[in-house]
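Engineer: Coordinates in input_35.txt, compact mmCIF, all heavy atoms, are listed below.
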# COMPACT_ATOMS: atom_id res chain seq x y z
N MET A 66 19.36 -14.06 -16.68
CA MET A 66 17.98 -13.77 -16.28
C MET A 66 17.32 -12.82 -17.25
O MET A 66 17.86 -11.79 -17.58
CB MET A 66 17.97 -13.13 -14.89
CG MET A 66 17.97 -14.14 -13.76
SD MET A 66 17.90 -13.32 -12.15
CE MET A 66 16.18 -12.85 -12.10
N ASN A 67 16.14 -13.16 -17.71
CA ASN A 67 15.40 -12.29 -18.62
C ASN A 67 14.42 -11.39 -17.89
O ASN A 67 13.90 -10.46 -18.48
CB ASN A 67 14.65 -13.14 -19.65
CG ASN A 67 15.60 -13.75 -20.66
OD1 ASN A 67 16.61 -13.14 -21.00
ND2 ASN A 67 15.29 -14.93 -21.13
N ASP A 68 14.19 -11.68 -16.65
CA ASP A 68 13.23 -10.87 -15.90
C ASP A 68 13.90 -9.60 -15.42
O ASP A 68 14.24 -9.45 -14.26
CB ASP A 68 12.69 -11.68 -14.72
CG ASP A 68 11.58 -10.92 -13.99
OD1 ASP A 68 10.99 -10.01 -14.61
OD2 ASP A 68 11.32 -11.23 -12.84
N PHE A 69 14.11 -8.69 -16.37
CA PHE A 69 14.84 -7.47 -16.07
C PHE A 69 13.99 -6.48 -15.31
O PHE A 69 12.95 -6.07 -15.77
CB PHE A 69 15.33 -6.85 -17.38
CG PHE A 69 16.02 -5.53 -17.18
CD1 PHE A 69 17.37 -5.50 -16.81
CD2 PHE A 69 15.34 -4.35 -17.36
CE1 PHE A 69 18.01 -4.29 -16.63
CE2 PHE A 69 15.98 -3.13 -17.17
CZ PHE A 69 17.32 -3.10 -16.81
N ARG A 70 14.46 -6.13 -14.16
CA ARG A 70 13.79 -5.10 -13.38
C ARG A 70 14.82 -4.18 -12.78
O ARG A 70 15.73 -4.63 -12.12
CB ARG A 70 13.00 -5.72 -12.23
CG ARG A 70 11.60 -6.09 -12.57
CD ARG A 70 10.92 -6.58 -11.33
NE ARG A 70 9.68 -7.27 -11.67
CZ ARG A 70 9.03 -8.04 -10.79
NH1 ARG A 70 9.51 -8.23 -9.59
NH2 ARG A 70 7.91 -8.62 -11.13
N ARG A 71 14.66 -2.92 -13.03
CA ARG A 71 15.57 -1.96 -12.44
C ARG A 71 14.82 -1.15 -11.40
O ARG A 71 13.95 -0.35 -11.74
CB ARG A 71 16.15 -1.06 -13.53
CG ARG A 71 17.25 -0.16 -13.07
CD ARG A 71 18.29 0.07 -14.16
NE ARG A 71 17.67 0.55 -15.40
CZ ARG A 71 17.74 1.81 -15.82
NH1 ARG A 71 18.37 2.71 -15.11
NH2 ARG A 71 17.20 2.16 -16.95
N PHE A 72 15.12 -1.34 -10.18
CA PHE A 72 14.42 -0.63 -9.14
C PHE A 72 14.93 0.80 -9.01
O PHE A 72 16.11 1.06 -9.21
CB PHE A 72 14.56 -1.35 -7.80
CG PHE A 72 13.64 -2.53 -7.69
CD1 PHE A 72 14.04 -3.77 -8.12
CD2 PHE A 72 12.36 -2.36 -7.17
CE1 PHE A 72 13.18 -4.85 -8.04
CE2 PHE A 72 11.50 -3.44 -7.09
CZ PHE A 72 11.92 -4.68 -7.52
N VAL A 73 14.02 1.68 -8.70
CA VAL A 73 14.38 3.08 -8.50
C VAL A 73 14.66 3.26 -7.00
O VAL A 73 13.75 3.22 -6.19
CB VAL A 73 13.25 4.01 -8.96
CG1 VAL A 73 13.66 5.46 -8.77
CG2 VAL A 73 12.90 3.73 -10.41
N ALA A 74 15.92 3.43 -6.68
CA ALA A 74 16.32 3.50 -5.27
C ALA A 74 15.66 4.66 -4.56
O ALA A 74 15.68 5.79 -5.04
CB ALA A 74 17.84 3.61 -5.18
N GLY A 75 15.05 4.38 -3.44
CA GLY A 75 14.48 5.42 -2.61
C GLY A 75 13.13 5.93 -3.06
O GLY A 75 12.55 6.79 -2.41
N ALA A 76 12.63 5.41 -4.19
CA ALA A 76 11.34 5.89 -4.69
C ALA A 76 10.19 5.36 -3.83
O ALA A 76 10.21 4.22 -3.40
CB ALA A 76 11.15 5.45 -6.13
N ILE A 77 9.22 6.23 -3.60
CA ILE A 77 8.05 5.84 -2.83
C ILE A 77 6.85 5.79 -3.77
O ILE A 77 6.59 6.73 -4.52
CB ILE A 77 7.80 6.83 -1.68
CG1 ILE A 77 8.97 6.78 -0.70
CG2 ILE A 77 6.49 6.51 -0.97
CD1 ILE A 77 8.95 7.89 0.34
N CYS A 78 6.11 4.71 -3.71
CA CYS A 78 4.94 4.58 -4.56
C CYS A 78 3.87 5.58 -4.14
O CYS A 78 3.51 5.65 -2.97
CB CYS A 78 4.39 3.15 -4.44
SG CYS A 78 2.85 2.94 -5.35
N PRO A 79 3.34 6.37 -5.10
CA PRO A 79 2.31 7.35 -4.76
C PRO A 79 0.98 6.71 -4.43
O PRO A 79 0.08 7.36 -3.90
CB PRO A 79 2.22 8.21 -6.03
CG PRO A 79 2.70 7.34 -7.12
CD PRO A 79 3.72 6.41 -6.51
N ASN A 80 0.82 5.46 -4.75
CA ASN A 80 -0.44 4.77 -4.51
C ASN A 80 -0.45 4.05 -3.16
O ASN A 80 -1.29 4.32 -2.31
CB ASN A 80 -0.70 3.79 -5.64
CG ASN A 80 -2.09 3.21 -5.58
OD1 ASN A 80 -3.05 3.91 -5.29
ND2 ASN A 80 -2.20 1.93 -5.86
N CYS A 81 0.50 3.16 -2.93
CA CYS A 81 0.51 2.39 -1.68
C CYS A 81 1.48 2.96 -0.65
O CYS A 81 1.52 2.47 0.48
CB CYS A 81 0.79 0.92 -1.96
SG CYS A 81 2.47 0.59 -2.54
N LYS A 82 2.27 3.96 -1.06
CA LYS A 82 3.18 4.66 -0.14
C LYS A 82 4.32 3.80 0.39
O LYS A 82 4.95 4.13 1.39
CB LYS A 82 2.41 5.25 1.07
CG LYS A 82 1.17 6.02 0.70
CD LYS A 82 1.48 7.29 -0.05
CE LYS A 82 0.19 8.10 -0.28
NZ LYS A 82 0.40 9.20 -1.20
N LYS A 83 4.56 2.70 -0.27
CA LYS A 83 5.67 1.86 0.16
C LYS A 83 6.96 2.31 -0.52
O LYS A 83 6.93 2.81 -1.64
CB LYS A 83 5.39 0.39 -0.14
CG LYS A 83 4.34 -0.18 0.77
CD LYS A 83 4.15 -1.66 0.51
CE LYS A 83 3.05 -2.20 1.44
NZ LYS A 83 2.69 -3.58 1.09
N LYS A 84 8.06 2.09 0.17
CA LYS A 84 9.34 2.53 -0.34
C LYS A 84 10.05 1.39 -1.05
O LYS A 84 9.91 0.22 -0.67
CB LYS A 84 10.21 3.04 0.83
CG LYS A 84 11.35 3.90 0.38
CD LYS A 84 12.15 4.39 1.59
CE LYS A 84 13.37 5.16 1.11
NZ LYS A 84 14.33 5.39 2.21
N ASP A 85 10.84 1.76 -2.07
CA ASP A 85 11.64 0.79 -2.82
C ASP A 85 10.82 -0.28 -3.51
O ASP A 85 11.25 -1.42 -3.65
CB ASP A 85 12.69 0.14 -1.92
CG ASP A 85 13.75 1.14 -1.47
OD1 ASP A 85 14.00 2.12 -2.20
OD2 ASP A 85 14.33 0.93 -0.40
N THR A 86 9.61 0.08 -3.93
CA THR A 86 8.79 -0.88 -4.68
C THR A 86 8.62 -0.42 -6.13
O THR A 86 7.99 -1.11 -6.92
CB THR A 86 7.39 -1.01 -4.06
OG1 THR A 86 6.77 0.26 -4.01
CG2 THR A 86 7.48 -1.60 -2.66
N ILE A 87 9.17 0.73 -6.48
CA ILE A 87 9.04 1.26 -7.83
C ILE A 87 10.16 0.74 -8.71
O ILE A 87 11.33 0.85 -8.37
CB ILE A 87 9.07 2.81 -7.82
CG1 ILE A 87 7.90 3.37 -7.01
CG2 ILE A 87 9.03 3.36 -9.24
CD1 ILE A 87 6.53 3.12 -7.58
N ALA A 88 9.79 0.17 -9.85
CA ALA A 88 10.78 -0.37 -10.78
C ALA A 88 10.51 0.14 -12.18
O ALA A 88 9.39 0.52 -12.52
CB ALA A 88 10.73 -1.89 -10.77
N LEU A 89 11.54 0.15 -12.99
CA LEU A 89 11.42 0.52 -14.39
C LEU A 89 11.14 -0.73 -15.21
O LEU A 89 11.71 -1.79 -14.94
CB LEU A 89 12.73 1.12 -14.89
CG LEU A 89 13.01 2.58 -14.53
CD1 LEU A 89 14.46 2.88 -14.81
CD2 LEU A 89 12.11 3.50 -15.33
N SER A 90 10.28 -0.60 -16.22
CA SER A 90 10.04 -1.72 -17.11
C SER A 90 11.26 -1.97 -17.98
O SER A 90 12.15 -1.13 -18.09
CB SER A 90 8.82 -1.44 -17.97
OG SER A 90 9.09 -0.34 -18.82
N ALA A 91 11.29 -3.13 -18.61
CA ALA A 91 12.44 -3.51 -19.43
C ALA A 91 12.67 -2.54 -20.58
O ALA A 91 13.80 -2.30 -20.97
CB ALA A 91 12.25 -4.92 -19.97
N ASP A 92 11.60 -1.98 -21.12
CA ASP A 92 11.75 -1.04 -22.23
C ASP A 92 11.99 0.39 -21.75
O ASP A 92 12.06 1.31 -22.54
CB ASP A 92 10.54 -1.11 -23.17
CG ASP A 92 9.23 -0.70 -22.47
OD1 ASP A 92 9.29 -0.22 -21.32
OD2 ASP A 92 8.18 -0.89 -23.07
N ASP A 93 12.04 0.57 -20.44
CA ASP A 93 12.40 1.85 -19.85
C ASP A 93 11.34 2.94 -20.04
O ASP A 93 11.60 4.09 -19.80
CB ASP A 93 13.74 2.33 -20.44
CG ASP A 93 14.60 3.02 -19.37
OD1 ASP A 93 14.54 2.60 -18.20
OD2 ASP A 93 15.31 3.98 -19.72
N LYS A 94 10.15 2.56 -20.47
CA LYS A 94 9.12 3.57 -20.74
C LYS A 94 8.08 3.69 -19.65
O LYS A 94 7.33 4.66 -19.62
CB LYS A 94 8.42 3.24 -22.08
CG LYS A 94 9.33 3.50 -23.27
CD LYS A 94 8.63 3.14 -24.56
CE LYS A 94 9.54 3.41 -25.75
NZ LYS A 94 9.06 2.75 -26.97
N ARG A 95 8.03 2.70 -18.80
CA ARG A 95 7.03 2.73 -17.74
C ARG A 95 7.69 2.52 -16.40
O ARG A 95 8.71 1.86 -16.28
CB ARG A 95 6.00 1.62 -17.94
CG ARG A 95 5.01 1.88 -19.03
CD ARG A 95 4.08 0.68 -19.18
NE ARG A 95 4.82 -0.53 -19.45
CZ ARG A 95 4.77 -1.63 -18.71
NH1 ARG A 95 4.01 -1.69 -17.64
NH2 ARG A 95 5.47 -2.69 -19.04
N ILE A 96 7.07 3.07 -15.39
CA ILE A 96 7.44 2.70 -14.03
C ILE A 96 6.25 1.99 -13.43
O ILE A 96 5.11 2.27 -13.76
CB ILE A 96 7.84 3.92 -13.17
CG1 ILE A 96 6.72 4.95 -13.11
CG2 ILE A 96 9.14 4.54 -13.68
CD1 ILE A 96 6.99 6.07 -12.10
N PHE A 97 6.54 1.06 -12.57
CA PHE A 97 5.44 0.36 -11.93
C PHE A 97 5.84 -0.04 -10.52
O PHE A 97 7.00 -0.07 -10.16
CB PHE A 97 5.03 -0.87 -12.75
CG PHE A 97 6.14 -1.88 -12.93
CD1 PHE A 97 6.28 -2.94 -12.05
CD2 PHE A 97 7.04 -1.75 -13.97
CE1 PHE A 97 7.30 -3.87 -12.22
CE2 PHE A 97 8.07 -2.68 -14.15
CZ PHE A 97 8.19 -3.73 -13.27
N CYS A 98 4.81 -0.32 -9.74
CA CYS A 98 5.01 -0.72 -8.36
C CYS A 98 4.86 -2.23 -8.26
O CYS A 98 3.94 -2.81 -8.82
CB CYS A 98 3.99 -0.02 -7.47
SG CYS A 98 4.12 -0.49 -5.74
N VAL A 99 5.77 -2.87 -7.55
CA VAL A 99 5.71 -4.32 -7.42
C VAL A 99 4.78 -4.73 -6.28
O VAL A 99 4.51 -5.90 -6.08
CB VAL A 99 7.11 -4.93 -7.20
CG1 VAL A 99 7.99 -4.70 -8.42
CG2 VAL A 99 7.76 -4.38 -5.94
N SER A 100 4.30 -3.74 -5.54
CA SER A 100 3.50 -4.04 -4.36
C SER A 100 2.00 -3.81 -4.58
O SER A 100 1.17 -4.38 -3.91
CB SER A 100 4.00 -3.19 -3.20
OG SER A 100 3.28 -3.48 -2.03
N CYS A 101 1.67 -2.96 -5.56
CA CYS A 101 0.27 -2.70 -5.87
C CYS A 101 0.12 -2.59 -7.38
O CYS A 101 1.03 -2.93 -8.13
CB CYS A 101 -0.21 -1.42 -5.17
SG CYS A 101 0.50 0.08 -5.85
N ASP A 102 -0.98 -2.07 -7.85
CA ASP A 102 -1.25 -2.01 -9.29
C ASP A 102 -0.79 -0.71 -9.95
O ASP A 102 -1.08 -0.48 -11.12
CB ASP A 102 -2.76 -2.16 -9.53
CG ASP A 102 -3.24 -3.55 -9.21
OD1 ASP A 102 -2.43 -4.50 -9.31
OD2 ASP A 102 -4.42 -3.70 -8.86
N PHE A 103 -0.10 0.10 -9.21
CA PHE A 103 0.33 1.38 -9.77
C PHE A 103 1.25 1.19 -10.98
O PHE A 103 2.16 0.39 -10.98
CB PHE A 103 1.05 2.21 -8.71
CG PHE A 103 1.63 3.49 -9.24
CD1 PHE A 103 0.80 4.58 -9.49
CD2 PHE A 103 2.99 3.60 -9.49
CE1 PHE A 103 1.33 5.77 -9.98
CE2 PHE A 103 3.53 4.79 -9.98
CZ PHE A 103 2.70 5.86 -10.23
N GLU A 104 0.96 1.98 -12.02
CA GLU A 104 1.76 1.92 -13.24
C GLU A 104 1.65 3.26 -13.92
O GLU A 104 0.58 3.84 -13.98
CB GLU A 104 1.23 0.82 -14.14
CG GLU A 104 2.06 0.58 -15.37
CD GLU A 104 1.47 -0.54 -16.21
OE1 GLU A 104 0.41 -0.32 -16.82
OE2 GLU A 104 2.04 -1.63 -16.24
N GLU A 105 2.74 3.76 -14.46
CA GLU A 105 2.70 5.08 -15.07
C GLU A 105 3.74 5.18 -16.17
O GLU A 105 4.85 4.65 -16.03
CB GLU A 105 3.00 6.13 -13.98
CG GLU A 105 2.80 7.56 -14.42
CD GLU A 105 3.03 8.52 -13.26
OE1 GLU A 105 4.18 8.83 -12.96
OE2 GLU A 105 2.03 8.92 -12.63
N TYR A 106 3.38 5.86 -17.23
CA TYR A 106 4.35 6.13 -18.27
C TYR A 106 5.27 7.25 -17.83
O TYR A 106 4.80 8.25 -17.29
CB TYR A 106 3.66 6.48 -19.60
CG TYR A 106 3.20 5.26 -20.34
CD1 TYR A 106 1.93 4.75 -20.12
CD2 TYR A 106 4.07 4.61 -21.22
CE1 TYR A 106 1.52 3.59 -20.78
CE2 TYR A 106 3.66 3.48 -21.88
CZ TYR A 106 2.38 2.97 -21.66
OH TYR A 106 1.99 1.84 -22.31
N LYS A 107 6.52 7.06 -18.05
CA LYS A 107 7.48 8.09 -17.70
C LYS A 107 7.27 9.31 -18.58
O LYS A 107 7.02 9.19 -19.76
CB LYS A 107 8.91 7.59 -17.93
CG LYS A 107 9.39 6.64 -16.87
CD LYS A 107 10.73 6.03 -17.26
CE LYS A 107 11.83 7.05 -17.28
NZ LYS A 107 13.12 6.44 -17.68
N SER A 108 7.42 10.48 -17.97
CA SER A 108 7.39 11.70 -18.78
C SER A 108 8.74 11.90 -19.44
O SER A 108 9.76 11.48 -18.89
CB SER A 108 7.03 12.89 -17.89
OG SER A 108 7.83 12.89 -16.75
N GLU A 109 8.72 12.52 -20.56
CA GLU A 109 9.97 12.69 -21.33
C GLU A 109 10.96 13.54 -20.57
O GLU A 109 10.62 14.53 -19.99
CB GLU A 109 9.66 13.37 -22.67
CG GLU A 109 8.81 12.53 -23.58
CD GLU A 109 9.59 11.33 -24.18
OE1 GLU A 109 10.78 11.50 -24.46
OE2 GLU A 109 9.00 10.27 -24.34
ZN ZN B 1 2.43 0.71 -4.83
Can you turn what I pasted into structure tokens?

Structural biologist:
Amino acid sequence: MNDFRRFVAGAICPNCKKKDTIALSADDKRIFCVSCDFEEYKSE
């Protein structure tokens, strides 16, 4: 499978407040929510 998604266990989306919807992008630089449009660059 090329659709690599690593979910962040227990993470709650700050936008839609849903749990276990936050995933890391394949390049590991962004986190995003699979339930809404939330997306954020990870801080170093
Ligand atoms: Zn969300």

Engineer: Kindly work out which residues sit at most 6 Å from ligand ZN 1 (chain B), using all atoms listed in the file, and give the list as a ChimeraX atom specification.

Structural biologist: /A:78-83,86-87,98-103

Engineer: Rounded to one decimal in Å, what is the spacing between atom CA of Val73 of chain A and atom CA of Asp85 of chain A?

Structural biologist: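 Result for atom CA of Val73 of chain A versus atom CA of Asp85 of chain A: 6.7 Å, one decimal.
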
Engineer: Let me know the centre plus edge lengths, in Å and rounded to one decimal, of a box with edges along x, y and z that contains all listed atoms of segment 68-83 of chain A and is padded by 8 Å on every side, as AutoDock Vina command-line options.

Structural biologist:
--center_x 7.7 --center_y -1.2 --center_z -8.0 --size_x 37.4 --size_y 36.9 --size_z 34.8

Engineer: Can you check which residues of chain A DSSP gives as strand (DSSP E or B) on the backbone and send them as a list in words?

Structural biologist: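 Selection result, strand (DSSP E or B) within chain A: Arg71, Phe72, Ile77, Lys84, Ile87, Ala88, Leu89, Arg95, Ile96, Phe97, Cys98, Glu104, Glu105 and Tyr106 of chain A.
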
Engineer: When you count all atoms listed in the file, which of these residues is closest to Arg71 of chain A: A:Glu104, A:Lys84, A:Leu89, A:Lys94?

Structural biologist: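 Among the listed residues, A:Leu89 lies closest to Arg71 of chain A.
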
Engineer: Provide the atom O of Ser90 of chain A to atom CD1 of Ile77 of chain A distance in Å, to one decimal place.

Structural biologist: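 Between atom O of Ser90 of chain A and atom CD1 of Ile77 of chain A the gap works out to 20.8 Å.
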
Engineer: Atom C of Lys107 of chain A and atom O of Ala76 of chain A are how many Å apart?

Structural biologist: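 Atom-to-atom, atom C of Lys107 of chain A and atom O of Ala76 of chain A are spaced 16.3 Å apart.
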